[in-house]
$ cat structure_1.cif   # mmCIF, C-alpha atoms and all ligand atoms
data_final
loop_
_atom_site.label_atom_id
_atom_site.label_comp_id
_atom_site.auth_asym_id
_atom_site.auth_seq_id
_atom_site.Cartn_x
_atom_site.Cartn_y
_atom_site.Cartn_z
CA MET N 118 9.65 63.71 26.02
CA PRO N 119 8.03 62.17 29.12
CA THR N 120 7.07 58.49 29.02
CA THR N 121 3.89 58.87 31.08
CA SER N 122 1.00 61.31 30.89
CA ARG N 123 -2.26 61.86 32.73
CA ALA N 124 -5.78 60.87 31.70
CA TRP N 125 -9.21 60.78 33.31
CA THR N 126 -10.52 57.22 33.34
CA PHE N 127 -13.50 55.19 34.52
CA SER N 128 -13.99 51.44 34.93
CA HIS N 129 -17.44 51.26 36.51
CA ARG N 130 -20.79 52.68 35.52
CA GLY N 131 -22.06 55.74 37.34
CA SER N 132 -22.11 59.51 37.46
CA PRO N 133 -18.88 61.23 36.30
CA THR N 134 -18.36 62.89 39.69
CA ASP N 135 -18.35 59.42 41.35
CA ILE N 136 -16.49 57.25 38.87
CA LEU N 137 -13.82 59.42 37.21
CA SER N 138 -10.24 59.35 38.46
CA LEU N 139 -7.13 61.13 37.21
CA SER N 140 -4.09 58.86 36.86
CA SER N 141 -0.82 58.46 34.97
CA HIS N 142 -0.44 56.08 32.03
CA PRO N 143 2.31 55.29 29.52
CA ILE N 144 2.11 57.64 26.52
CA PRO N 145 0.75 55.67 23.52
CA THR N 146 3.48 54.56 21.12
CA PHE N 147 3.52 53.42 17.49
CA PRO N 148 2.85 50.99 15.86
CA PRO N 149 -0.79 51.29 17.01
CA PRO N 150 -2.17 48.50 19.21
CA LEU N 151 -4.71 47.46 16.56
CA LYS N 152 -3.57 45.88 13.30
CA ALA N 153 -3.76 49.15 11.47
CA SER N 154 -4.04 49.53 7.72
CA GLU N 155 -4.29 53.30 7.75
CA GLU N 156 -2.54 56.44 8.99
CA TRP N 157 -2.49 57.06 12.76
CA ILE N 158 -1.49 60.17 14.68
CA LEU N 159 -0.32 60.75 18.25
CA ILE N 160 -1.76 64.05 19.51
CA LYS N 161 -0.63 66.24 22.38
CA VAL N 162 -4.05 67.45 23.47
CA SER N 163 -4.63 71.18 24.11
CA PHE N 164 -8.38 71.35 24.87
CA ALA N 165 -11.27 68.89 25.15
CA GLY N 166 -14.96 69.72 24.75
CA LEU N 167 -17.50 68.09 27.08
CA ASN N 168 -20.75 66.58 25.75
CA PRO N 169 -23.87 65.30 27.55
CA GLY N 170 -23.50 62.12 25.45
CA ALA N 171 -20.35 61.24 27.43
CA ILE N 172 -22.42 61.31 30.64
CA PHE N 173 -24.82 58.83 29.03
CA GLN N 174 -21.86 56.62 28.07
CA MET N 175 -20.48 56.67 31.62
CA SER N 176 -23.88 56.16 33.26
CA LEU N 177 -25.43 53.59 30.94
CA ILE N 178 -23.02 51.48 28.90
CA PRO N 179 -22.34 48.14 30.62
CA THR N 180 -18.73 46.93 30.92
CA PHE N 181 -19.23 44.03 28.49
CA LEU N 182 -19.99 46.53 25.69
CA ARG N 183 -16.77 48.53 26.15
CA ASN N 184 -13.08 48.38 27.07
CA LYS N 185 -12.59 47.65 30.80
CA THR N 186 -11.06 51.07 31.42
CA CYS N 187 -12.17 54.02 29.33
CA ILE N 188 -11.20 57.67 28.89
CA PRO N 189 -14.34 59.79 28.34
CA GLU N 190 -15.19 62.36 25.66
CA MET N 191 -15.03 62.69 21.91
CA ASP N 192 -14.01 66.29 21.02
CA LEU N 193 -10.42 67.53 21.23
CA SER N 194 -7.89 69.91 19.72
CA GLY N 195 -4.11 69.64 19.86
CA THR N 196 -0.82 69.24 18.03
CA VAL N 197 0.42 66.19 16.13
CA HIS N 198 3.31 64.70 18.05
CA ASP N 199 3.95 61.68 15.84
CA VAL N 200 2.59 60.15 12.61
CA TRP N 201 2.47 56.49 11.61
CA HIS N 202 1.49 54.88 8.31
CA PRO N 203 1.77 51.14 7.54
CA HIS N 204 3.15 51.71 4.04
CA ALA N 205 5.63 54.32 5.25
CA VAL N 206 6.91 51.72 7.73
CA GLU N 207 7.27 49.11 4.97
CA SER N 208 9.11 51.57 2.75
CA GLU N 209 11.80 52.13 5.40
CA SER N 210 12.99 48.52 4.94
CA THR N 211 12.33 48.16 1.21
CA THR N 212 13.54 51.67 0.28
CA THR N 213 10.60 51.98 -2.10
CA SER N 214 8.74 55.26 -2.43
CA THR N 215 7.42 56.72 0.82
CA THR N 216 3.70 57.18 1.32
CA SER N 217 2.58 60.73 1.87
CA THR N 218 0.53 61.17 5.03
CA ARG N 219 -2.28 63.67 5.64
CA PHE N 220 -0.56 64.96 8.77
CA ARG N 221 2.99 65.88 9.77
CA LYS N 222 4.54 66.38 13.19
CA GLY N 223 3.62 69.82 14.53
CA ASP N 224 0.29 70.10 12.64
CA LYS N 225 -2.53 71.66 14.68
CA ILE N 226 -5.63 69.52 14.54
CA ILE N 227 -9.24 69.01 15.68
CA ALA N 228 -10.61 65.51 16.21
CA MET N 229 -13.90 63.83 17.05
CA ILE N 230 -13.65 60.24 18.32
CA PRO N 231 -16.73 58.15 17.40
CA ALA N 232 -18.24 55.66 19.87
CA SER N 233 -17.37 52.78 17.48
CA HIS N 234 -13.67 53.47 18.19
CA ALA N 235 -13.95 54.79 21.76
CA LEU N 236 -15.94 51.92 23.28
CA PRO N 237 -13.80 48.92 22.20
CA THR N 238 -10.44 50.71 22.68
CA GLY N 239 -11.20 52.92 25.71
CA CYS N 240 -9.78 55.91 23.81
CA GLY N 241 -11.11 59.35 24.77
CA ALA N 242 -10.34 63.06 24.62
CA LEU N 243 -9.70 63.74 28.33
CA ALA N 244 -6.05 62.70 28.15
CA GLU N 245 -2.79 64.59 27.70
CA TYR N 246 -1.79 62.34 24.75
CA VAL N 247 -4.22 60.55 22.43
CA SER N 248 -3.41 58.14 19.60
CA LEU N 249 -6.04 57.87 16.84
CA PRO N 250 -6.70 56.84 13.24
CA ALA N 251 -5.99 60.04 11.29
CA ARG N 252 -9.41 59.93 9.61
CA PHE N 253 -10.98 61.14 12.88
CA ALA N 254 -8.98 64.40 12.65
CA VAL N 255 -8.85 67.46 10.42
CA HIS N 256 -6.51 70.45 10.31
CA LYS N 257 -7.47 73.23 12.71
CA PRO N 258 -8.21 76.49 10.88
CA PRO N 259 -5.24 78.78 11.66
CA GLN N 260 -7.42 81.62 12.96
CA ALA N 261 -9.49 79.41 15.32
CA SER N 262 -8.28 79.05 18.90
CA PHE N 263 -7.54 75.59 20.25
CA ALA N 264 -10.33 76.16 22.80
CA ASP N 265 -13.02 76.97 20.22
CA ALA N 266 -11.80 74.21 17.92
CA ALA N 267 -12.33 71.62 20.67
CA GLY N 268 -15.96 72.73 20.93
CA CYS N 269 -17.05 72.64 17.31
CA LEU N 270 -17.13 69.14 15.84
CA LEU N 271 -19.80 67.01 17.55
CA THR N 272 -22.18 69.93 18.09
CA GLY N 273 -21.50 71.36 14.63
CA MET N 274 -21.97 68.06 12.80
CA THR N 275 -25.17 67.30 14.76
CA ALA N 276 -26.59 70.78 14.11
CA HIS N 277 -25.77 70.49 10.41
CA LEU N 278 -27.61 67.17 10.18
CA LEU N 279 -30.60 68.62 12.06
CA VAL N 280 -30.77 71.51 9.57
CA ILE N 281 -30.53 69.12 6.59
CA GLU N 282 -33.22 66.79 7.99
CA ALA N 283 -35.50 69.77 8.67
CA GLY N 284 -35.43 70.53 4.94
CA LEU N 285 -34.86 74.26 5.48
CA LYS N 286 -35.12 76.58 2.48
CA PRO N 287 -34.63 80.32 1.99
CA GLY N 288 -37.50 82.29 3.49
CA HIS N 289 -38.59 79.51 5.88
CA ARG N 290 -39.92 80.11 9.35
CA VAL N 291 -38.13 77.84 11.86
CA LEU N 292 -38.35 77.15 15.58
CA VAL N 293 -35.15 76.08 17.40
CA ASN N 294 -35.59 74.51 20.85
CA ALA N 295 -32.75 74.79 23.43
CA ALA N 296 -31.17 77.42 21.19
CA SER N 297 -28.52 78.38 23.76
CA GLY N 298 -26.89 74.92 24.18
CA GLY N 299 -23.86 73.51 22.39
CA ILE N 300 -25.95 72.18 19.49
CA GLY N 301 -28.57 74.94 19.68
CA THR N 302 -26.05 77.78 19.25
CA MET N 303 -24.71 76.04 16.13
CA ALA N 304 -28.20 75.24 14.80
CA VAL N 305 -29.37 78.86 15.01
CA GLN N 306 -26.30 80.09 13.09
CA MET N 307 -26.60 77.40 10.42
CA ALA N 308 -30.36 77.85 10.05
CA ARG N 309 -29.89 81.61 9.59
CA ARG N 310 -27.52 81.02 6.70
CA VAL N 311 -30.05 78.74 4.98
CA VAL N 312 -33.28 80.70 5.54
CA GLY N 313 -31.56 84.01 4.75
CA PRO N 314 -32.70 87.50 5.75
CA GLU N 315 -36.25 86.86 4.57
CA GLY N 316 -36.57 83.81 6.83
CA PHE N 317 -37.75 83.99 10.44
CA ILE N 318 -36.08 82.15 13.33
CA VAL N 319 -37.59 81.74 16.76
CA GLY N 320 -35.31 80.41 19.52
CA ILE N 321 -36.34 78.86 22.86
CA CYS N 322 -34.07 79.27 25.89
CA SER N 323 -34.11 80.76 29.40
CA ALA N 324 -34.15 84.52 30.00
CA ARG N 325 -30.41 84.85 30.70
CA ASN N 326 -29.59 83.56 27.19
CA VAL N 327 -32.04 85.68 25.17
CA GLN N 328 -29.42 88.20 23.99
CA LEU N 329 -26.96 85.43 23.13
CA VAL N 330 -29.52 83.63 20.93
CA GLU N 331 -30.48 86.90 19.21
CA SER N 332 -26.80 87.62 18.55
CA LEU N 333 -26.52 84.25 16.78
CA GLY N 334 -29.32 85.11 14.34
CA ALA N 335 -32.71 84.51 15.99
CA ASP N 336 -35.39 87.10 15.18
CA PHE N 337 -37.45 86.33 18.24
CA VAL N 338 -36.74 84.43 21.45
CA ILE N 339 -39.13 82.71 23.87
CA ASP N 340 -38.12 82.33 27.50
CA TYR N 341 -39.36 78.83 28.32
CA THR N 342 -39.17 79.48 32.07
CA GLN N 343 -42.25 81.70 31.64
CA HIS N 344 -44.20 78.65 30.45
CA THR N 345 -43.26 75.92 32.92
CA ASP N 346 -45.66 74.14 35.23
CA ASN N 347 -45.10 73.57 38.93
CA LYS N 348 -42.87 70.54 38.18
CA ASN N 349 -40.58 72.86 36.19
CA GLN N 350 -41.45 71.13 32.89
CA ASN N 351 -42.19 73.14 29.71
CA ASN N 352 -45.72 71.71 29.64
CA ASN N 353 -47.36 75.10 29.11
CA LEU N 354 -45.04 75.99 26.24
CA PRO N 355 -46.96 74.12 23.47
CA ALA N 356 -50.14 76.04 24.36
CA HIS N 357 -48.19 79.31 24.18
CA LEU N 358 -46.69 78.32 20.81
CA ALA N 359 -50.12 77.34 19.49
CA GLN N 360 -51.60 80.64 20.58
CA THR N 361 -48.74 82.72 19.14
CA PHE N 362 -47.99 80.88 15.90
CA HIS N 363 -51.23 79.08 14.95
CA ALA N 364 -52.07 81.66 12.27
CA ASN N 365 -48.50 81.72 10.95
CA PRO N 366 -47.02 78.26 11.58
CA PHE N 367 -43.39 77.18 11.20
CA ASN N 368 -42.02 75.41 8.12
CA ALA N 369 -39.75 73.31 10.35
CA ILE N 370 -38.85 72.70 13.98
CA ILE N 371 -35.31 71.87 15.13
CA ASP N 372 -35.30 70.39 18.62
CA THR N 373 -31.76 70.24 20.01
CA LEU N 374 -32.85 68.80 23.36
CA GLY N 375 -35.77 66.46 22.52
CA HIS N 376 -39.00 67.58 24.19
CA GLN N 377 -41.73 65.10 23.29
CA SER N 378 -44.51 67.52 24.31
CA LEU N 379 -43.33 70.05 21.68
CA TYR N 380 -43.62 67.33 19.03
CA VAL N 381 -46.92 65.83 20.21
CA ASN N 382 -48.60 69.25 19.98
CA SER N 383 -46.77 70.46 16.87
CA ILE N 384 -49.84 70.19 14.63
CA ALA N 385 -50.89 73.54 16.12
CA TYR N 386 -47.73 75.43 15.03
CA LEU N 387 -45.99 73.39 12.27
CA ILE N 388 -47.27 73.35 8.66
CA PRO N 389 -48.69 69.98 7.45
CA SER N 390 -45.59 69.20 5.34
CA GLY N 391 -43.23 70.55 8.02
CA ILE N 392 -40.61 68.30 9.62
CA TYR N 393 -39.84 68.02 13.32
CA SER N 394 -36.06 67.39 13.32
CA SER N 395 -34.78 66.27 16.72
CA VAL N 396 -31.62 65.05 18.49
CA GLY N 397 -33.80 62.36 20.06
CA ILE N 398 -35.90 62.48 23.21
CA LYS N 399 -34.57 63.89 26.43
CA PRO N 400 -34.85 61.29 29.22
CA PRO N 401 -35.85 62.84 32.58
CA ASP N 402 -32.56 61.66 34.11
CA PHE N 403 -29.39 59.64 33.26
CA SER N 404 -30.85 56.27 34.48
CA ILE N 405 -31.18 53.11 32.36
CA PRO N 406 -35.02 52.84 32.62
CA ALA N 407 -35.43 56.50 31.63
CA PHE N 408 -33.05 56.02 28.71
CA LEU N 409 -34.81 52.86 27.48
CA ARG N 410 -38.20 54.59 27.67
CA ALA N 411 -36.80 57.48 25.61
CA VAL N 412 -35.38 55.08 23.00
CA TRP N 413 -38.74 53.28 22.78
CA GLN N 414 -40.58 56.58 22.34
CA MET N 415 -38.12 57.56 19.58
CA GLN N 416 -38.93 54.30 17.77
CA LEU N 417 -42.65 54.99 18.11
CA ASN N 418 -42.16 58.52 16.74
CA GLU N 419 -40.33 57.03 13.74
CA TRP N 420 -42.59 54.04 13.10
CA TRP N 421 -46.08 55.11 14.10
CA PRO N 422 -48.13 56.41 11.16
CA VAL N 423 -48.16 60.20 11.01
CA SER N 424 -51.90 60.24 10.19
CA ARG N 425 -54.15 61.60 12.95
CA TRP N 426 -56.78 59.02 11.86
CA LEU N 427 -54.36 56.29 12.93
CA GLY N 428 -53.47 57.93 16.22
CA GLY N 429 -50.40 59.76 14.89
CA VAL N 430 -49.23 63.26 15.72
CA GLY N 431 -50.01 64.58 12.25
CA ARG N 432 -46.47 65.81 11.64
CA LEU N 433 -43.30 63.96 10.59
CA TRP N 434 -40.61 63.34 13.26
CA ARG N 435 -36.99 62.79 12.21
CA GLY N 436 -34.38 61.78 14.78
CA VAL N 437 -30.74 62.41 13.88
CA SER N 438 -27.82 60.30 14.99
CA MET N 439 -24.20 61.48 14.92
CA MET N 440 -22.68 58.06 15.54
CA GLU N 441 -20.40 57.58 12.53
CA PRO N 442 -19.55 60.95 10.99
CA THR N 443 -17.24 60.89 7.98
CA LEU N 444 -14.03 62.80 7.35
CA GLU N 445 -16.05 65.00 4.99
CA ASP N 446 -18.51 65.80 7.82
CA ARG N 447 -15.59 66.90 10.03
CA GLU N 448 -14.00 68.93 7.24
CA ARG N 449 -17.29 70.74 6.55
CA ILE N 450 -17.47 72.03 10.13
CA ALA N 451 -13.77 73.03 10.18
CA GLU N 452 -14.39 74.99 6.96
CA MET N 453 -17.44 76.71 8.45
CA LEU N 454 -15.30 77.72 11.44
CA ARG N 455 -12.50 78.89 9.13
CA ASP N 456 -14.89 80.96 7.01
CA GLY N 457 -16.62 82.54 10.00
CA GLN N 458 -19.96 80.89 9.14
CA ILE N 459 -20.13 79.59 12.71
CA ARG N 460 -18.60 80.67 15.97
CA VAL N 461 -18.23 78.58 19.10
CA VAL N 462 -19.99 80.01 22.13
CA ARG N 463 -18.04 79.27 25.31
CA ASP N 464 -19.93 78.56 28.47
CA SER N 465 -16.78 78.12 30.54
CA VAL N 466 -13.19 76.82 30.46
CA TRP N 467 -12.09 74.44 33.22
CA ARG N 468 -8.69 73.25 34.41
CA PHE N 469 -7.84 69.61 33.64
CA GLU N 470 -7.82 68.83 37.37
CA ASN N 471 -11.41 70.15 37.70
CA VAL N 472 -13.10 67.85 35.18
CA ARG N 473 -15.49 66.40 37.79
CA GLU N 474 -16.76 69.90 38.62
CA ALA N 475 -17.14 70.66 34.91
CA TYR N 476 -19.29 67.52 34.51
CA ALA N 477 -21.44 68.56 37.46
CA LYS N 478 -22.23 71.75 35.54
CA LEU N 479 -22.78 69.94 32.21
CA GLY N 480 -25.13 67.40 33.83
CA GLY N 481 -27.55 70.18 34.79
CA LEU N 482 -28.18 70.73 31.03
CA HIS N 483 -27.99 74.50 31.36
CA ALA N 484 -24.71 75.23 29.58
CA SER N 485 -24.72 78.35 27.39
CA GLY N 486 -22.63 77.01 24.53
CA LYS N 487 -19.67 74.74 25.20
CA ILE N 488 -18.05 73.62 28.42
CA LEU N 489 -14.33 73.27 27.61
CA VAL N 490 -11.38 71.75 29.46
CA ARG N 491 -7.84 73.11 29.11
CA VAL N 492 -5.84 69.86 29.04
CA ASP N 493 -2.48 71.57 28.39
CA GLU N 494 -1.90 74.40 30.88
CA THR N 495 0.72 75.94 28.60
CA VAL N 496 -1.86 76.68 25.84
CA GLY N 497 -3.83 79.90 26.37
CA ASP N 498 -7.61 80.09 26.01
CA ASP N 499 -7.33 82.24 22.87
CA GLU N 500 -4.14 80.73 21.49
CA CYS N 501 -4.33 79.60 17.89
N1 LIG V 1 -28.61 62.60 18.28
C1 LIG V 1 -27.31 62.80 18.37
O1 LIG V 1 -26.52 62.28 17.57
C2 LIG V 1 -26.79 63.72 19.45
C3 LIG V 1 -25.48 64.24 19.33
C4 LIG V 1 -25.03 65.08 20.31
C5 LIG V 1 -25.85 65.38 21.41
N2 LIG V 1 -27.09 64.85 21.50
C6 LIG V 1 -27.98 65.19 22.63
O2 LIG V 1 -28.46 66.51 22.42
C7 LIG V 1 -28.78 67.11 23.66
C8 LIG V 1 -28.23 68.52 23.70
O3 LIG V 1 -26.81 68.49 23.62
P1 LIG V 1 -25.98 69.85 23.84
O4 LIG V 1 -24.55 69.47 23.74
O5 LIG V 1 -26.51 70.92 22.99
O6 LIG V 1 -26.36 70.17 25.38
P2 LIG V 1 -25.99 71.44 26.26
O7 LIG V 1 -24.87 72.19 25.62
O8 LIG V 1 -25.83 70.98 27.65
O9 LIG V 1 -27.27 72.41 26.15
C9 LIG V 1 -28.42 72.18 26.84
C10 LIG V 1 -29.33 73.40 26.60
O10 LIG V 1 -30.66 73.01 26.91
C11 LIG V 1 -31.34 74.15 27.35
N3 LIG V 1 -32.48 73.75 28.16
C12 LIG V 1 -32.47 73.12 29.36
N4 LIG V 1 -33.74 72.91 29.77
C13 LIG V 1 -34.55 73.40 28.79
C14 LIG V 1 -35.95 73.46 28.63
N5 LIG V 1 -36.78 72.98 29.55
N6 LIG V 1 -36.44 74.03 27.49
C15 LIG V 1 -35.61 74.53 26.53
N7 LIG V 1 -34.26 74.50 26.64
C16 LIG V 1 -33.75 73.94 27.76
C17 LIG V 1 -30.34 74.92 28.17
O11 LIG V 1 -30.69 76.31 28.07
P3 LIG V 1 -30.90 77.22 29.40
O12 LIG V 1 -29.57 77.22 30.10
O13 LIG V 1 -31.28 78.53 28.84
O14 LIG V 1 -31.93 76.52 30.23
C18 LIG V 1 -29.01 74.61 27.47
O15 LIG V 1 -28.60 75.69 26.68
C19 LIG V 1 -28.19 66.20 24.74
O16 LIG V 1 -29.24 65.44 25.32
C20 LIG V 1 -27.27 65.28 23.97
O17 LIG V 1 -27.11 64.02 24.57
C21 LIG V 1 -27.59 64.03 20.54
#

$ encode --input "structure_1.cif" --output "C-alpha cells" --more "lines below"
Ligand SMILES: NC(=O)c1ccc[n+]([C@@H]2O[C@H](COP(=O)([O-])OP(=O)(O)OC[C@H]3O[C@@H](n4cnc5c(N)ncnc54)[C@H](OP(=O)(O)O)[C@@H]3O)[C@@H](O)[C@H]2O)c1
Amino acid sequence: MPTTSRAWTFSHRGSPTDILSLSSHPIPTFPPPLKASEEWILIKVSFAGLNPGAIFQMSLIPTFLRNKTCIPEMDLSGTVHDVWHPHAVESESTTTSTTSTRFRKGDKIIAMIPASHALPTGCGALAEYVSLPARFAVHKPPQASFADAAGCLLTGMTAHLLVIEAGLKPGHRVLVNAASGGIGTMAVQMARRVVGPEGFIVGICSARNVQLVESLGADFVIDYTQHTDNKNQNNNLPAHLAQTFHANPFNAIIDTLGHQSLYVNSIAYLIPSGIYSSVGIKPPDFSIPAFLRAVWQMQLNEWWPVSRWLGGVGRLWRGVSMMEPTLEDRERIAEMLRDGQIRVVRDSVWRFENVREAYAKLGGLHASGKILVRVDETVGDDEC
C-alpha cells in the first residue's frame, strides 16, 4: 500500500485548463479529519465523470467560500479500500457488540459528492484515493462497468427530478432540449418509460446526434443547427417549434441546458397547464457577471406571475436543483442502471493525465453523453 497518491487540485479561480495541477498527496487515513458520527469509506477510485457544474465551481466560487485547495468533480466509481465507523471503533476497546457497516473492504461502489461536502473539505472525485461519508455512496450494480457507473449519478438524479417536476404521465407529448448531453440522454430514456409507447417524445440536438437520441427513445428529433441565427444562437428555433407544434402542443418541456428563448415563447407549443422543467438558465459563458444574470433571470422565472396580463410568459417554469441528493436518490439511479432502465452514453474516456484536455472538450458543451476519466489505469473501460 503506497502512502501517497495523485490528485488534480486547484487553489485559484479560473478555467480548468489554467488552474488545475496534478500532484502527489498523502492517502487519506482514518479516523476522518472531521468529527464524524457516521460511517466513512476510503475508496480507490477507478473512474470519474466530468460535469459542467465543476467548471462553474472552478471558475466562479471565491476562495473564502471553499477549502483553500480543492479537488474537482462529484461523480466517481471505485473499490472500498477501508471502512470506518465511530461505534465500531468504540467497540474495539469496550468489546461490546460491533456495529454493522453498509460497506466492507473490496465492495465496488458509485459515489456522488455534494457541494456541501466538497466545498468546505476540498474533497473531489479526480483523485486516486477519496475518503467520504458512506451515505454519498451506493453499491455498483455488478453488471455495470466502472466507467458507466461513474457517469450515472449526477446526470441521472437531475434527469429524474426534471421528469418528476415536468409532471409526465402516460401518453404525454414531451419536448427534451439538449437531448444528447449527459442529462439529456438520461432524460429521454426516463421520459420514455413514463409516457409509454402511446406518448410522443421530441428531442433537440445537433445533426450528428440524431440517431443516438432516437436510439434512446425519441420519436422525432430536431436538429437545432438548422434554426440558428448568424450569432449561432437557437433564436429561430422557437418559431420553428411554434409552426410545427402549434396545433398539437406538448404536455411538458424538459430543458436540460436552459434556453430562456424556448421558455419565453413556449405559449405557442406548450399546453396551458404544461410545465417547463429546466436545469436552470445557460449563461453565455463561465464568467461571474453572466452567471449572476442567469441566476437573476431564474428568480424572475420563478417569482414573476405566470399570467400574460401581468407580463408573464403564460406557462409555468420550474428550475431543478441537484444540490443535496439523498441516499435514496442515489440508490434509485443505481437500481435503474442495474435493471437496464437507463444506459450511460459515453462521449469519450480520457487518461488521468489528460484531464485538462477532457475539460477543454466538456467546456464546449457539445459532449454526446458523458466525458469520463480513467483514474486507475489497471481498470479496463468495460470492466465490471
Ligand atoms: N440544476 C442542476 O442541479 C444541474 C445539475 C447538473 C447539471 N446542470 C447543468 O445542466 C447543463 C447540462 O449538463 P450536462 O451534463 O447534460 O451537459 P453536457 O453533457 O455537456 O451536454 C451538453 C449538451 O448540450 C447540447 N447543446 C449545445 N448547444 C445546444 C443548443 N444550442 N441547443 C440544443 N442543445 C445544445 C449539446 O448537444 P450537441 O453536441 O448536439 O450540440 C450537448 O449534448 C449544464 O449547464 C450543467 O451545469 C444543472

$ closest_residue --input "structure_1.cif" --among "N:Asp402, N:Asp135, N:Asp199, N:Asp346" --to "Gly480 in chain N" --atoms "only C-alpha atoms"
N:Asp402

$ residues_around --input "structure_1.cif" --residues "range 170-181 of chain N" --least-positions-apart "2" --cutoff "6 Å" --atoms "all atoms listed in the file" --output "count of residues only"
7

$ residues_around --input "structure_1.cif" --residues "range 374-379 of chain N" --least-positions-apart "4" --cutoff "9 Å" --atoms "all atoms listed in the file" --output "ChimeraX atom specification"
/N:294-295,298,300-301,351-352,354-355,358,383,395-400,414

$ closest_atom_pairs --input "structure_1.cif" --of "chain N" --to "ligand LIG 1 (chain V)" --cutoff "7 Å" --atoms "all atoms listed in the file" --output "CSV"
residue,atom,partner,partner_atom,distance
N:Asn168,CA,V:LIG1,O4,5.2
N:Pro169,CA,V:LIG1,O17,4.6
N:Gly170,CA,V:LIG1,O17,4.2
N:Leu271,CA,V:LIG1,C4,6.2
N:Thr272,CA,V:LIG1,C4,6.0
N:Thr275,CA,V:LIG1,C3,5.5
N:Asn294,CA,V:LIG1,C15,5.7
N:Ala295,CA,V:LIG1,N7,3.6
N:Ala296,CA,V:LIG1,O15,6.3
N:Ser297,CA,V:LIG1,O15,4.0
N:Gly298,CA,V:LIG1,O15,3.1
N:Gly299,CA,V:LIG1,O7,3.6
N:Ile300,CA,V:LIG1,O5,3.8
N:Gly301,CA,V:LIG1,O5,5.6
N:Ile321,CA,V:LIG1,C15,5.7
N:Cys322,CA,V:LIG1,O13,4.1
N:Ser323,CA,V:LIG1,O13,3.6
N:Ala324,CA,V:LIG1,O13,6.7
N:Arg325,CA,V:LIG1,O13,6.6
N:Asn326,CA,V:LIG1,O13,5.6
N:Tyr341,CA,V:LIG1,N6,5.7
N:Gln350,CA,V:LIG1,N5,6.0
N:Asn351,CA,V:LIG1,N5,5.4
N:Thr373,CA,V:LIG1,C8,5.4
N:Leu374,CA,V:LIG1,C7,4.4
N:Val396,CA,V:LIG1,N1,3.9
N:Gly397,CA,V:LIG1,N1,5.5
N:Lys399,CA,V:LIG1,O16,5.7
N:Gly436,CA,V:LIG1,N1,6.8
N:Val437,CA,V:LIG1,N1,4.9
N:Ser438,CA,V:LIG1,O1,3.5
N:Met439,CA,V:LIG1,O1,3.6
N:Met440,CA,V:LIG1,O1,6.1
N:Leu479,CA,V:LIG1,O8,5.6
N:Leu482,CA,V:LIG1,O8,4.1
N:His483,CA,V:LIG1,O12,3.4
N:Ala484,CA,V:LIG1,O8,4.8
N:Ser485,CA,V:LIG1,O15,4.8
N:Gly486,CA,V:LIG1,O7,5.4
N:Lys487,CA,V:LIG1,O7,5.8

$ residues_around --input "structure_1.cif" --residues "range 165-167 of chain N" --least-positions-apart "4" --cutoff "9 Å" --atoms "all atoms listed in the file" --output "ChimeraX atom specification"
/N:171,189-195,242-244,264-269,475-476,479,487-492

$ residues_around --input "structure_1.cif" --residues "Asn365 in chain N" --least-positions-apart "5" --cutoff "9 Å" --atoms "all atoms listed in the file" --output "list in words"
Arg290, Tyr386, Leu387 and Ile388 of chain N

$ closest_residue --input "structure_1.cif" --among "N:Ile459, N:Ile160, N:Val200, N:Ala364" --to "Ala308 in chain N" --atoms "only C-alpha atoms"
N:Ile459

$ residues_around --input "structure_1.cif" --residues "Arg449 in chain N" --least-positions-apart "5" --cutoff "10 Å" --atoms "only C-alpha atoms" --output "number ranges by chain"
N: 255, 270, 273-274, 277, 443-444, 454-455

$ write_last_selection --input "structure_1.cif" --atoms "C-alpha atoms" --output "PDB file, in the frame of the given file"
ATOM      1  CA  VAL N 255      -8.850  67.460  10.420  1.00  0.00           C
ATOM      2  CA  LEU N 270     -17.130  69.140  15.840  1.00  0.00           C
ATOM      3  CA  GLY N 273     -21.500  71.360  14.630  1.00  0.00           C
ATOM      4  CA  MET N 274     -21.970  68.060  12.800  1.00  0.00           C
ATOM      5  CA  HIS N 277     -25.770  70.490  10.410  1.00  0.00           C
ATOM      6  CA  THR N 443     -17.240  60.890   7.980  1.00  0.00           C
ATOM      7  CA  LEU N 444     -14.030  62.800   7.350  1.00  0.00           C
ATOM      8  CA  LEU N 454     -15.300  77.720  11.440  1.00  0.00           C
ATOM      9  CA  ARG N 455     -12.500  78.890   9.130  1.00  0.00           C
TER      10      ARG N 455
END

$ closest_residue --input "structure_1.cif" --among "N:Thr196, N:Thr218, N:Asn382, N:Asn471" --to "Glu155 in chain N" --atoms "only C-alpha atoms"
N:Thr218
